[in-house]
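Novice: Data: work01.pdb, PDB, C-alpha atoms.
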```
ATOM      1  CA  MET B 296     -16.921  23.299  -5.066
ATOM      2  CA  ALA B 297     -14.490  26.010  -5.988
ATOM      3  CA  THR B 298     -14.631  27.778  -2.614
ATOM      4  CA  THR B 299     -12.155  27.175   0.166
ATOM      5  CA  MET B 300     -13.293  26.066   3.611
ATOM      6  CA  THR B 301     -11.925  28.618   6.093
ATOM      7  CA  ASP B 302     -14.451  28.634   8.978
ATOM      8  CA  PRO B 303     -14.181  26.096  11.851
ATOM      9  CA  ARG B 304     -17.991  26.178  12.028
ATOM     10  CA  GLU B 305     -18.145  24.816   8.474
ATOM     11  CA  LEU B 306     -15.848  21.949   9.483
ATOM     12  CA  PHE B 307     -18.095  21.243  12.488
ATOM     13  CA  LEU B 308     -21.159  21.077  10.210
ATOM     14  CA  HIS B 309     -19.315  18.875   7.721
ATOM     15  CA  GLU B 310     -18.286  16.406  10.437
ATOM     16  CA  LEU B 311     -21.810  16.480  11.895
ATOM     17  CA  GLY B 312     -23.195  15.570   8.456
ATOM     18  CA  ASP B 313     -20.580  12.813   8.107
ATOM     19  CA  LEU B 314     -21.793  11.252  11.355
ATOM     20  CA  LEU B 315     -25.473  11.668  10.396
ATOM     21  CA  TYR B 316     -24.728   9.673   7.232
ATOM     22  CA  ALA B 317     -22.940   7.015   9.305
ATOM     23  CA  GLU B 318     -25.758   6.701  11.874
ATOM     24  CA  ASN B 319     -28.331   6.476   9.063
ATOM     25  CA  ALA B 320     -26.248   3.743   7.409
ATOM     26  CA  LEU B 321     -26.161   1.804  10.697
ATOM     27  CA  VAL B 322     -29.948   1.935  11.025
ATOM     28  CA  LYS B 323     -29.932  -0.088   7.800
ATOM     29  CA  THR B 324     -26.990  -2.369   8.696
ATOM     30  CA  LEU B 325     -27.815  -3.364  12.297
ATOM     31  CA  PRO B 326     -30.922  -5.471  11.453
ATOM     32  CA  LYS B 327     -28.711  -7.437   9.024
ATOM     33  CA  LEU B 328     -26.072  -8.034  11.734
ATOM     34  CA  ALA B 329     -28.814  -9.151  14.153
ATOM     35  CA  ARG B 330     -30.043 -11.692  11.575
ATOM     36  CA  GLU B 331     -26.523 -12.985  10.887
ATOM     37  CA  ALA B 332     -25.653 -13.445  14.588
ATOM     38  CA  THR B 333     -26.430 -16.877  16.030
ATOM     39  CA  ASP B 334     -25.423 -16.164  19.635
ATOM     40  CA  ALA B 335     -28.587 -14.974  21.434
ATOM     41  CA  ASP B 336     -26.869 -12.291  23.523
ATOM     42  CA  LEU B 337     -25.021 -10.869  20.533
ATOM     43  CA  GLN B 338     -28.254 -10.817  18.540
ATOM     44  CA  LYS B 339     -30.100  -9.011  21.332
ATOM     45  CA  GLY B 340     -27.220  -6.557  21.628
ATOM     46  CA  PHE B 341     -27.474  -5.591  17.952
ATOM     47  CA  GLU B 342     -31.264  -5.230  18.256
ATOM     48  CA  ALA B 343     -30.953  -3.021  21.337
ATOM     49  CA  HIS B 344     -28.269  -0.899  19.688
ATOM     50  CA  LEU B 345     -30.517  -0.444  16.634
ATOM     51  CA  GLU B 346     -33.086   1.275  18.852
ATOM     52  CA  GLU B 347     -30.356   3.495  20.348
ATOM     53  CA  THR B 348     -29.033   4.291  16.884
ATOM     54  CA  LYS B 349     -32.452   5.530  15.725
ATOM     55  CA  LEU B 350     -32.400   7.964  18.663
ATOM     56  CA  HIS B 351     -28.823   9.001  17.762
ATOM     57  CA  VAL B 352     -30.123  10.073  14.348
ATOM     58  CA  ASP B 353     -32.842  12.161  16.039
ATOM     59  CA  LYS B 354     -30.311  13.781  18.377
ATOM     60  CA  LEU B 355     -27.945  14.656  15.527
ATOM     61  CA  LYS B 356     -30.848  16.320  13.690
ATOM     62  CA  ARG B 357     -31.635  18.205  16.901
ATOM     63  CA  VAL B 358     -27.996  19.406  17.054
ATOM     64  CA  PHE B 359     -28.340  20.793  13.523
ATOM     65  CA  GLU B 360     -31.477  22.645  14.684
ATOM     66  CA  LEU B 361     -29.751  23.993  17.798
ATOM     67  CA  VAL B 362     -26.942  25.511  15.734
ATOM     68  CA  GLY B 363     -29.518  26.997  13.332
ATOM     69  CA  GLU B 364     -28.831  24.782  10.311
ATOM     70  CA  LYS B 365     -30.827  22.356   8.209
ATOM     71  CA  ALA B 366     -29.784  18.719   8.797
ATOM     72  CA  LYS B 367     -27.662  17.531   5.896
ATOM     73  CA  ALA B 368     -25.875  14.171   5.662
ATOM     74  CA  GLU B 369     -22.414  14.137   4.047
ATOM     75  CA  LYS B 370     -21.274  10.998   2.279
ATOM     76  CA  CYS B 371     -18.979   9.112   4.696
ATOM     77  CA  PRO B 372     -16.622   6.795   2.759
ATOM     78  CA  ALA B 373     -15.187   5.461   6.039
ATOM     79  CA  ILE B 374     -18.426   3.860   7.216
ATOM     80  CA  ASP B 375     -19.020   2.609   3.678
ATOM     81  CA  GLY B 376     -15.558   0.977   3.845
ATOM     82  CA  ILE B 377     -16.296  -0.646   7.214
ATOM     83  CA  THR B 378     -19.577  -1.991   5.776
ATOM     84  CA  LYS B 379     -17.803  -3.262   2.650
ATOM     85  CA  GLU B 380     -15.227  -5.069   4.821
ATOM     86  CA  HIS B 381     -18.103  -6.923   6.526
ATOM     87  CA  ASP B 382     -19.934  -7.713   3.277
ATOM     88  CA  GLU B 383     -16.823  -9.038   1.507
ATOM     89  CA  PHE B 384     -15.808 -11.232   4.427
ATOM     90  CA  MET B 385     -19.269 -12.778   4.689
ATOM     91  CA  SER B 386     -19.521 -13.517   0.950
ATOM     92  CA  GLU B 387     -15.899 -14.598   0.377
ATOM     93  CA  GLU B 388     -15.225 -16.622   3.530
ATOM     94  CA  LYS B 389     -18.702 -18.118   4.028
ATOM     95  CA  PRO B 390     -18.016 -18.344   7.771
ATOM     96  CA  SER B 391     -19.613 -20.995   9.981
ATOM     97  CA  PRO B 392     -22.020 -19.739  12.698
ATOM     98  CA  VAL B 393     -19.222 -19.737  15.318
ATOM     99  CA  ILE B 394     -16.856 -17.761  13.095
ATOM    100  CA  THR B 395     -19.677 -15.415  12.051
ATOM    101  CA  ASP B 396     -20.383 -14.474  15.666
ATOM    102  CA  MET B 397     -16.697 -13.894  16.428
ATOM    103  CA  PHE B 398     -16.254 -11.855  13.255
ATOM    104  CA  LEU B 399     -19.336  -9.726  14.015
ATOM    105  CA  THR B 400     -17.927  -8.685  17.406
ATOM    106  CA  GLY B 401     -14.890  -7.317  15.545
ATOM    107  CA  ALA B 402     -16.919  -5.634  12.796
ATOM    108  CA  GLY B 403     -19.172  -4.077  15.448
ATOM    109  CA  ALA B 404     -16.195  -2.870  17.507
ATOM    110  CA  ARG B 405     -14.680  -1.212  14.418
ATOM    111  CA  THR B 406     -17.960   0.626  13.846
ATOM    112  CA  GLU B 407     -18.270   1.768  17.467
ATOM    113  CA  HIS B 408     -14.662   2.987  17.436
ATOM    114  CA  TYR B 409     -15.344   4.991  14.276
ATOM    115  CA  GLU B 410     -18.305   6.678  15.915
ATOM    116  CA  ILE B 411     -16.396   7.308  19.165
ATOM    117  CA  ALA B 412     -13.695   9.093  17.128
ATOM    118  CA  ALA B 413     -16.324  11.167  15.326
ATOM    119  CA  TYR B 414     -18.300  12.136  18.458
ATOM    120  CA  THR B 415     -15.120  12.988  20.404
ATOM    121  CA  GLY B 416     -14.001  15.350  17.630
ATOM    122  CA  LEU B 417     -17.441  16.968  17.373
ATOM    123  CA  ILE B 418     -17.645  17.551  21.132
ATOM    124  CA  THR B 419     -14.221  19.245  21.105
ATOM    125  CA  MET B 420     -15.332  21.535  18.264
ATOM    126  CA  ALA B 421     -18.769  22.258  19.776
ATOM    127  CA  GLN B 422     -17.117  23.269  23.070
ATOM    128  CA  ALA B 423     -14.633  25.563  21.322
ATOM    129  CA  LEU B 424     -17.408  27.123  19.203
ATOM    130  CA  GLY B 425     -19.485  27.819  22.340
ATOM    131  CA  GLU B 426     -22.349  25.581  21.157
ATOM    132  CA  LYS B 427     -23.183  24.682  24.743
ATOM    133  CA  ASN B 428     -26.603  23.167  24.047
ATOM    134  CA  ALA B 429     -25.194  20.794  21.432
ATOM    135  CA  VAL B 430     -22.533  19.324  23.740
ATOM    136  CA  PRO B 431     -24.768  17.253  26.094
ATOM    137  CA  LEU B 432     -26.657  15.684  23.163
ATOM    138  CA  LEU B 433     -23.402  14.618  21.525
ATOM    139  CA  GLN B 434     -22.101  13.337  24.878
ATOM    140  CA  GLU B 435     -25.234  11.209  25.402
ATOM    141  CA  ASN B 436     -24.709   9.515  22.045
ATOM    142  CA  LEU B 437     -20.989   9.054  22.744
ATOM    143  CA  LYS B 438     -21.724   7.325  26.068
ATOM    144  CA  GLN B 439     -24.047   4.844  24.370
ATOM    145  CA  GLU B 440     -21.429   4.070  21.697
ATOM    146  CA  GLU B 441     -18.846   3.453  24.428
ATOM    147  CA  ALA B 442     -21.260   1.159  26.291
ATOM    148  CA  ALA B 443     -22.034  -0.736  23.064
ATOM    149  CA  LEU B 444     -18.287  -1.160  22.453
ATOM    150  CA  GLY B 445     -17.799  -2.516  25.982
ATOM    151  CA  LYS B 446     -20.519  -5.126  25.409
ATOM    152  CA  LEU B 447     -18.996  -6.186  22.077
ATOM    153  CA  GLU B 448     -15.554  -6.570  23.706
ATOM    154  CA  GLN B 449     -17.072  -8.742  26.442
ATOM    155  CA  ALA B 450     -18.884 -10.860  23.829
ATOM    156  CA  ALA B 451     -15.622 -11.236  21.873
ATOM    157  CA  LYS B 452     -13.853 -12.583  25.001
ATOM    158  CA  ARG B 453     -16.686 -14.958  25.853
ATOM    159  CA  LEU B 454     -16.995 -16.326  22.295
ATOM    160  CA  SER B 455     -13.216 -16.626  21.804
ATOM    161  CA  ARG B 456     -12.819 -18.558  25.053
ATOM    162  CA  SER B 457     -15.702 -20.932  24.395
ATOM    163  CA  ASN B 458     -14.675 -21.657  20.794
ATOM    164  CA  ALA B 459     -10.878 -21.800  20.949
TER
ATOM    165  CA  MET L  61     -13.288 -19.454  -2.369
ATOM    166  CA  ALA L  62     -15.838 -22.255  -2.109
ATOM    167  CA  THR L  63     -14.686 -23.434   1.328
ATOM    168  CA  THR L  64     -16.286 -22.353   4.552
ATOM    169  CA  MET L  65     -14.235 -20.766   7.335
ATOM    170  CA  THR L  66     -14.778 -22.869  10.457
ATOM    171  CA  ASP L  67     -11.532 -22.513  12.466
ATOM    172  CA  PRO L  68     -11.020 -19.582  14.896
ATOM    173  CA  ARG L  69      -7.316 -19.706  13.982
ATOM    174  CA  GLU L  70      -8.218 -18.881  10.365
ATOM    175  CA  LEU L  71     -10.187 -15.853  11.555
ATOM    176  CA  PHE L  72      -7.196 -14.751  13.650
ATOM    177  CA  LEU L  73      -4.907 -14.995  10.609
ATOM    178  CA  HIS L  74      -7.428 -13.152   8.442
ATOM    179  CA  GLU L  75      -7.707 -10.279  10.930
ATOM    180  CA  LEU L  76      -3.907 -10.218  11.329
ATOM    181  CA  GLY L  77      -3.578  -9.863   7.551
ATOM    182  CA  ASP L  78      -6.243  -7.125   7.542
ATOM    183  CA  LEU L  79      -4.190  -5.124  10.030
ATOM    184  CA  LEU L  80      -0.924  -5.753   8.151
ATOM    185  CA  TYR L  81      -2.577  -4.243   5.067
ATOM    186  CA  ALA L  82      -3.770  -1.268   7.150
ATOM    187  CA  GLU L  83      -0.339  -0.634   8.728
ATOM    188  CA  ASN L  84       1.327  -0.885   5.302
ATOM    189  CA  ALA L  85      -1.206   1.613   3.915
ATOM    190  CA  LEU L  86      -0.400   4.028   6.764
ATOM    191  CA  VAL L  87       3.332   3.855   6.027
ATOM    192  CA  LYS L  88       2.345   5.394   2.666
ATOM    193  CA  THR L  89      -0.266   7.841   4.016
ATOM    194  CA  LEU L  90       1.528   9.327   7.034
ATOM    195  CA  PRO L  91       4.206  11.217   5.037
ATOM    196  CA  LYS L  92       1.356  12.861   3.077
ATOM    197  CA  LEU L  93      -0.404  13.913   6.298
ATOM    198  CA  ALA L  94       2.891  15.308   7.644
ATOM    199  CA  ARG L  95       3.265  17.413   4.466
ATOM    200  CA  GLU L  96      -0.333  18.663   4.636
ATOM    201  CA  ALA L  97      -0.119  19.683   8.310
ATOM    202  CA  THR L  98       0.967  23.270   8.960
ATOM    203  CA  ASP L  99       1.038  23.140  12.756
ATOM    204  CA  ALA L 100       4.592  22.162  13.735
ATOM    205  CA  ASP L 101       3.610  19.863  16.612
ATOM    206  CA  LEU L 102       1.021  18.048  14.514
ATOM    207  CA  GLN L 103       3.549  17.622  11.715
ATOM    208  CA  LYS L 104       6.157  16.212  14.102
ATOM    209  CA  GLY L 105       3.534  13.899  15.558
ATOM    210  CA  PHE L 106       2.758  12.387  12.156
ATOM    211  CA  GLU L 107       6.472  11.993  11.424
ATOM    212  CA  ALA L 108       7.100  10.274  14.768
ATOM    213  CA  HIS L 109       4.112   7.978  14.263
ATOM    214  CA  LEU L 110       5.401   7.033  10.809
ATOM    215  CA  GLU L 111       8.550   5.613  12.440
ATOM    216  CA  GLU L 112       6.405   3.701  14.958
ATOM    217  CA  THR L 113       4.161   2.420  12.171
ATOM    218  CA  LYS L 114       7.140   0.951  10.296
ATOM    219  CA  LEU L 115       7.971  -1.003  13.449
ATOM    220  CA  HIS L 116       4.329  -2.093  13.769
ATOM    221  CA  VAL L 117       4.621  -3.696  10.329
ATOM    222  CA  ASP L 118       7.753  -5.558  11.473
ATOM    223  CA  LYS L 119       6.017  -6.761  14.634
ATOM    224  CA  LEU L 120       2.956  -8.003  12.740
ATOM    225  CA  LYS L 121       5.261  -9.975  10.436
ATOM    226  CA  ARG L 122       6.969 -11.381  13.538
ATOM    227  CA  VAL L 123       3.544 -12.464  14.893
ATOM    228  CA  PHE L 124       2.908 -14.369  11.665
ATOM    229  CA  GLU L 125       6.289 -16.088  12.152
ATOM    230  CA  LEU L 126       5.554 -16.918  15.791
ATOM    231  CA  VAL L 127       2.307 -18.666  14.842
ATOM    232  CA  GLY L 128       4.107 -20.550  12.067
ATOM    233  CA  GLU L 129       2.551 -18.809   9.078
ATOM    234  CA  LYS L 130       3.796 -16.761   6.148
ATOM    235  CA  ALA L 131       2.899 -13.055   6.467
ATOM    236  CA  LYS L 132       0.002 -12.268   4.144
ATOM    237  CA  ALA L 133      -1.832  -8.946   3.924
ATOM    238  CA  GLU L 134      -5.609  -9.085   3.373
ATOM    239  CA  LYS L 135      -7.269  -6.196   1.558
ATOM    240  CA  CYS L 136      -8.817  -3.946   4.217
ATOM    241  CA  PRO L 137     -11.679  -1.903   2.707
ATOM    242  CA  ALA L 138     -12.163  -0.051   6.006
ATOM    243  CA  ILE L 139      -8.747   1.635   5.979
ATOM    244  CA  ASP L 140      -9.222   2.332   2.270
ATOM    245  CA  GLY L 141     -12.527   4.041   3.165
ATOM    246  CA  ILE L 142     -10.889   6.140   5.899
ATOM    247  CA  THR L 143      -8.191   7.180   3.406
ATOM    248  CA  LYS L 144     -10.812   8.011   0.760
ATOM    249  CA  GLU L 145     -12.691  10.175   3.274
ATOM    250  CA  HIS L 146      -9.513  12.199   3.800
ATOM    251  CA  ASP L 147      -8.697  12.453   0.089
ATOM    252  CA  GLU L 148     -12.197  13.567  -0.913
ATOM    253  CA  PHE L 149     -12.389  16.199   1.824
ATOM    254  CA  MET L 150      -9.024  17.691   0.840
ATOM    255  CA  SER L 151      -9.873  17.853  -2.871
ATOM    256  CA  GLU L 152     -13.531  18.921  -2.542
ATOM    257  CA  GLU L 153     -13.316  21.407   0.340
ATOM    258  CA  LYS L 154      -9.879  22.884  -0.405
ATOM    259  CA  PRO L 155      -9.471  23.680   3.307
ATOM    260  CA  SER L 156      -7.389  26.591   4.548
ATOM    261  CA  PRO L 157      -4.283  25.694   6.622
ATOM    262  CA  VAL L 158      -6.196  26.148   9.912
ATOM    263  CA  ILE L 159      -9.071  23.913   8.769
ATOM    264  CA  THR L 160      -6.614  21.388   7.327
ATOM    265  CA  ASP L 161      -4.881  20.980  10.683
ATOM    266  CA  MET L 162      -8.176  20.604  12.535
ATOM    267  CA  PHE L 163      -9.459  18.128   9.965
ATOM    268  CA  LEU L 164      -6.251  16.060  10.126
ATOM    269  CA  THR L 165      -6.617  15.574  13.890
ATOM    270  CA  GLY L 166     -10.029  14.009  13.198
ATOM    271  CA  ALA L 167      -8.824  11.894  10.276
ATOM    272  CA  GLY L 168      -5.877  10.693  12.365
ATOM    273  CA  ALA L 169      -8.114   9.867  15.349
ATOM    274  CA  ARG L 170     -10.417   7.807  13.101
ATOM    275  CA  THR L 171      -7.396   5.834  11.898
ATOM    276  CA  GLU L 172      -6.045   5.227  15.415
ATOM    277  CA  HIS L 173      -9.491   4.107  16.592
ATOM    278  CA  TYR L 174      -9.693   1.640  13.706
ATOM    279  CA  GLU L 175      -6.347   0.158  14.681
ATOM    280  CA  ILE L 176      -7.233   0.050  18.381
ATOM    281  CA  ALA L 177     -10.376  -1.955  17.483
ATOM    282  CA  ALA L 178      -8.322  -4.334  15.341
ATOM    283  CA  TYR L 179      -5.507  -4.871  17.900
ATOM    284  CA  THR L 180      -7.975  -5.353  20.760
ATOM    285  CA  GLY L 181      -9.794  -8.074  18.810
ATOM    286  CA  LEU L 182      -6.533  -9.775  17.828
ATOM    287  CA  ILE L 183      -5.255  -9.799  21.427
ATOM    288  CA  THR L 184      -8.509 -11.402  22.620
ATOM    289  CA  MET L 185      -8.198 -14.113  19.950
ATOM    290  CA  ALA L 186      -4.462 -14.687  20.517
ATOM    291  CA  GLN L 187      -5.082 -15.158  24.266
ATOM    292  CA  ALA L 188      -7.911 -17.643  23.645
ATOM    293  CA  LEU L 189      -5.813 -19.550  21.095
ATOM    294  CA  GLY L 190      -2.923 -19.812  23.568
ATOM    295  CA  GLU L 191      -0.581 -17.834  21.308
ATOM    296  CA  LYS L 192       1.231 -16.432  24.342
ATOM    297  CA  ASN L 193       4.268 -15.122  22.480
ATOM    298  CA  ALA L 194       2.140 -13.129  20.054
ATOM    299  CA  VAL L 195       0.213 -11.274  22.765
ATOM    300  CA  PRO L 196       2.971  -8.921  24.046
ATOM    301  CA  LEU L 197       3.922  -7.847  20.505
ATOM    302  CA  LEU L 198       0.304  -6.976  19.719
ATOM    303  CA  GLN L 199      -0.011  -5.185  23.063
ATOM    304  CA  GLU L 200       3.091  -3.061  22.355
ATOM    305  CA  ASN L 201       1.578  -1.878  19.077
ATOM    306  CA  LEU L 202      -1.791  -1.239  20.731
ATOM    307  CA  LYS L 203      -0.177   0.952  23.409
ATOM    308  CA  GLN L 204       1.514   3.090  20.765
ATOM    309  CA  GLU L 205      -1.767   3.519  18.861
ATOM    310  CA  GLU L 206      -3.475   4.590  22.088
ATOM    311  CA  ALA L 207      -0.693   7.078  22.833
ATOM    312  CA  ALA L 208      -0.903   8.459  19.270
ATOM    313  CA  LEU L 209      -4.673   8.872  19.689
ATOM    314  CA  GLY L 210      -4.168  10.745  22.961
ATOM    315  CA  LYS L 211      -1.773  13.189  21.263
ATOM    316  CA  LEU L 212      -4.211  13.771  18.394
ATOM    317  CA  GLU L 213      -7.049  14.461  20.842
ATOM    318  CA  GLN L 214      -4.871  16.995  22.684
ATOM    319  CA  ALA L 215      -3.916  18.657  19.390
ATOM    320  CA  ALA L 216      -7.609  18.814  18.406
ATOM    321  CA  LYS L 217      -8.449  20.631  21.658
ATOM    322  CA  ARG L 218      -5.549  23.056  21.312
ATOM    323  CA  LEU L 219      -6.287  23.865  17.659
ATOM    324  CA  SER L 220     -10.051  24.183  18.222
ATOM    325  CA  ARG L 221      -9.560  26.572  21.122
ATOM    326  CA  SER L 222      -7.035  28.766  19.342
ATOM    327  CA  ASN L 223      -9.055  28.973  16.110
ATOM    328  CA  ALA L 224     -12.669  29.216  17.300
TER
END
```
What would the structure in this file look like if it were written as structure tokens?
Specialist:
Amino acid sequence: MATTMTDPRELFLHELGDLLYAENALVKTLPKLAREATDADLQKGFEAHLEETKLHVDKLKRVFELVGEKAKAEKCPAIDGITKEHDEFMSEEKPSPVITDMFLTGAGARTEHYEIAAYTGLITMAQALGEKNAVPLLQENLKQEEAALGKLEQAAKRLSRSNA
Amino acid sequence: MATTMTDPRELFLHELGDLLYAENALVKTLPKLAREATDADLQKGFEAHLEETKLHVDKLKRVFELVGEKAKAEKCPAIDGITKEHDEFMSEEKPSPVITDMFLTGAGARTEHYEIAAYTGLITMAQALGEKNAVPLLQENLKQEEAALGKLEQAAKRLSRSNA
């Protein structure tokens, strides 16, 4: 692209597309994490968050509609990097079930934190742009990411204590 | 590596090395972000956080010492992905100064969130492993990442409001 981005609305749409790509990627990744987990609660947590994540995708598409644009995902190298970090660890370190569960709480927390950063930035921009209908949808997704992070942090404490 | 990782201490050291790599990468990236920023407060913020980040590297090396290991960075594809996301946006979108500043608050927040996830996980593991001397050093770094995130979120609000 030879043109220069000058409009805050364009940045908002770019960041919205970045997050749509990330949420779509997680719909593919979460079933894999659920299969890798051996702790029953952790497994259930990934399965439950998969269902939430599918709804996050729908809500992001709805936000595109509300601002009068066609939904368009933008390649998100950050989420690809977080996924790669997981894949390389699993193949290179061949972790035992105990280590796998502990590692997955950290990989999951990194993902949730990425999304929390992205949603927080989008909400700030949507508020400034006066996109009032978009804000509550983004806030609903953000709250579920924060809740998912809280559960992963609790699982990390429980697994660390029982395996140390 | 043909061996299987079975010891929680090995996972702790791996994640410590992952974060050392990330902090080292940020020592190289932050001066670039400070040059790209046009807003004076944002620029100063990146410069101040560069000085903190150099100390974070020292503290992580000290943690390695305290647990009786040689400091060893582990390639961290996640921070590489976050960096790539920044680099591609800047080269592909050629953002105006206003958009650059707004974008940098988001890129910075993503980085801080990554580090907060990593430090939180390390503190949980260090506590479970009884590495009591390591915990306060990790907590000091975590607090500075959280404070840096708070400043970036404030800057994002200020810049979004004044440019919308």
Novice: What are the residues of chain L that have an atom within 7 Å of an atom of chain B, counting all atoms listed in the file, as an MDAnalysis selection string?
Specialist: chainID L and resid 61 64:66 68 136:138 140:142 144:145 152:156 159 166 169:170 173:174 177 181 184:185 188:189 217 220:221 224
Novice: Spell out the residues picked by the PyMOL selection byres ((chain B and resi 339) around 12) here, as a PyMOL selection string.
Specialist: chain B and resi 325-326+328-338+340-346+443+446-447+450
Novice: Could you work out how far atom CA of B:Lys327 lies from atom CA of L:Glu134, giving the answer in Å with one decimal?
Specialist: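 Separating atom CA of L:Glu134 from atom CA of B:Lys327 is a distance of 23.8 Å.
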Novice: Suppose you want the space between atom CA of B:Lys438 and atom CA of B:Asp382; what is it in Å?
Specialist: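 Going from atom CA of B:Lys438 over to atom CA of B:Asp382 covers 27.4 Å.
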Novice: Starting from the displayed file, determine the output of the PyMOL selection byres ((chain B and resi 315) around 8) and express the residue list as JSON, numbers by chain.
Specialist: {"B": [311, 312, 313, 314, 316, 317, 318, 319, 352, 355, 356, 367, 368, 369]}
Novice: In Å, with one decimal, what is the gap from atom CA of L:Glu191 to atom CA of B:Ala442?
Specialist: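 Atom CA of B:Ala442 lies at a distance of 28.5 Å from atom CA of L:Glu191.
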Novice: Any idea what's packed within 10 Å of B:Leu432, counting all atoms listed in the file, ignoring anything in its chain fewer than 5 positions away? Could you give it as a VMD selection string?
Specialist: chain B and resid 351 354 to 355 357 to 358 418 427 437
Novice: Output C-alpha atoms for every residue in the selection just made, as a PDB file, in the coordinates of the input.
Specialist:
```
ATOM      1  CA  HIS B 351     -28.823   9.001  17.762  1.00  0.00           C
ATOM      2  CA  LYS B 354     -30.311  13.781  18.377  1.00  0.00           C
ATOM      3  CA  LEU B 355     -27.945  14.656  15.527  1.00  0.00           C
ATOM      4  CA  ARG B 357     -31.635  18.205  16.901  1.00  0.00           C
ATOM      5  CA  VAL B 358     -27.996  19.406  17.054  1.00  0.00           C
ATOM      6  CA  ILE B 418     -17.645  17.551  21.132  1.00  0.00           C
ATOM      7  CA  LYS B 427     -23.183  24.682  24.743  1.00  0.00           C
ATOM      8  CA  LEU B 437     -20.989   9.054  22.744  1.00  0.00           C
TER       9      LEU B 437
END
```
Novice: Would you mind putting N, CA, C and O atoms back on stretch 349-360 of chain B and writing the result as an mmCIF file, keeping the file's coordinate frame?
Specialist:
```
data_model
loop_
_atom_site.group_PDB
_atom_site.id
_atom_site.type_symbol
_atom_site.label_atom_id
_atom_site.label_comp_id
_atom_site.auth_asym_id
_atom_site.auth_seq_id
_atom_site.Cartn_x
_atom_site.Cartn_y
_atom_site.Cartn_z
ATOM 1 N N LYS B 349 -31.356 4.703 16.256
ATOM 2 C CA LYS B 349 -32.452 5.530 15.725
ATOM 3 C C LYS B 349 -32.561 6.849 16.518
ATOM 4 O O LYS B 349 -32.810 7.910 15.947
ATOM 5 N N LEU B 350 -32.355 6.750 17.832
ATOM 6 C CA LEU B 350 -32.400 7.964 18.663
ATOM 7 C C LEU B 350 -31.171 8.846 18.430
ATOM 8 O O LEU B 350 -31.253 10.076 18.547
ATOM 9 N N HIS B 351 -30.031 8.208 18.082
ATOM 10 C CA HIS B 351 -28.823 9.001 17.762
ATOM 11 C C HIS B 351 -29.088 9.877 16.536
ATOM 12 O O HIS B 351 -28.652 11.026 16.474
ATOM 13 N N VAL B 352 -29.778 9.300 15.556
ATOM 14 C CA VAL B 352 -30.123 10.073 14.348
ATOM 15 C C VAL B 352 -30.965 11.290 14.746
ATOM 16 O O VAL B 352 -30.692 12.422 14.323
ATOM 17 N N ASP B 353 -31.980 11.052 15.595
ATOM 18 C CA ASP B 353 -32.842 12.161 16.039
ATOM 19 C C ASP B 353 -32.028 13.241 16.753
ATOM 20 O O ASP B 353 -32.241 14.434 16.554
ATOM 21 N N LYS B 354 -31.100 12.806 17.609
ATOM 22 C CA LYS B 354 -30.311 13.781 18.377
ATOM 23 C C LYS B 354 -29.376 14.580 17.468
ATOM 24 O O LYS B 354 -29.171 15.774 17.685
ATOM 25 N N LEU B 355 -28.816 13.917 16.458
ATOM 26 C CA LEU B 355 -27.945 14.656 15.527
ATOM 27 C C LEU B 355 -28.758 15.700 14.754
ATOM 28 O O LEU B 355 -28.294 16.819 14.533
ATOM 29 N N LYS B 356 -29.989 15.341 14.382
ATOM 30 C CA LYS B 356 -30.848 16.320 13.690
ATOM 31 C C LYS B 356 -31.184 17.490 14.622
ATOM 32 O O LYS B 356 -31.250 18.636 14.197
ATOM 33 N N ARG B 357 -31.366 17.178 15.894
ATOM 34 C CA ARG B 357 -31.635 18.205 16.901
ATOM 35 C C ARG B 357 -30.415 19.123 17.048
ATOM 36 O O ARG B 357 -30.579 20.333 17.232
ATOM 37 N N VAL B 358 -29.207 18.570 16.978
ATOM 38 C CA VAL B 358 -27.996 19.406 17.054
ATOM 39 C C VAL B 358 -27.955 20.375 15.864
ATOM 40 O O VAL B 358 -27.657 21.568 16.032
ATOM 41 N N PHE B 359 -28.269 19.891 14.684
ATOM 42 C CA PHE B 359 -28.340 20.793 13.523
ATOM 43 C C PHE B 359 -29.304 21.955 13.808
ATOM 44 O O PHE B 359 -29.002 23.110 13.533
ATOM 45 N N GLU B 360 -30.482 21.613 14.353
ATOM 46 C CA GLU B 360 -31.477 22.645 14.684
ATOM 47 C C GLU B 360 -30.916 23.657 15.673
ATOM 48 O O GLU B 360 -31.059 24.862 15.503
#
```
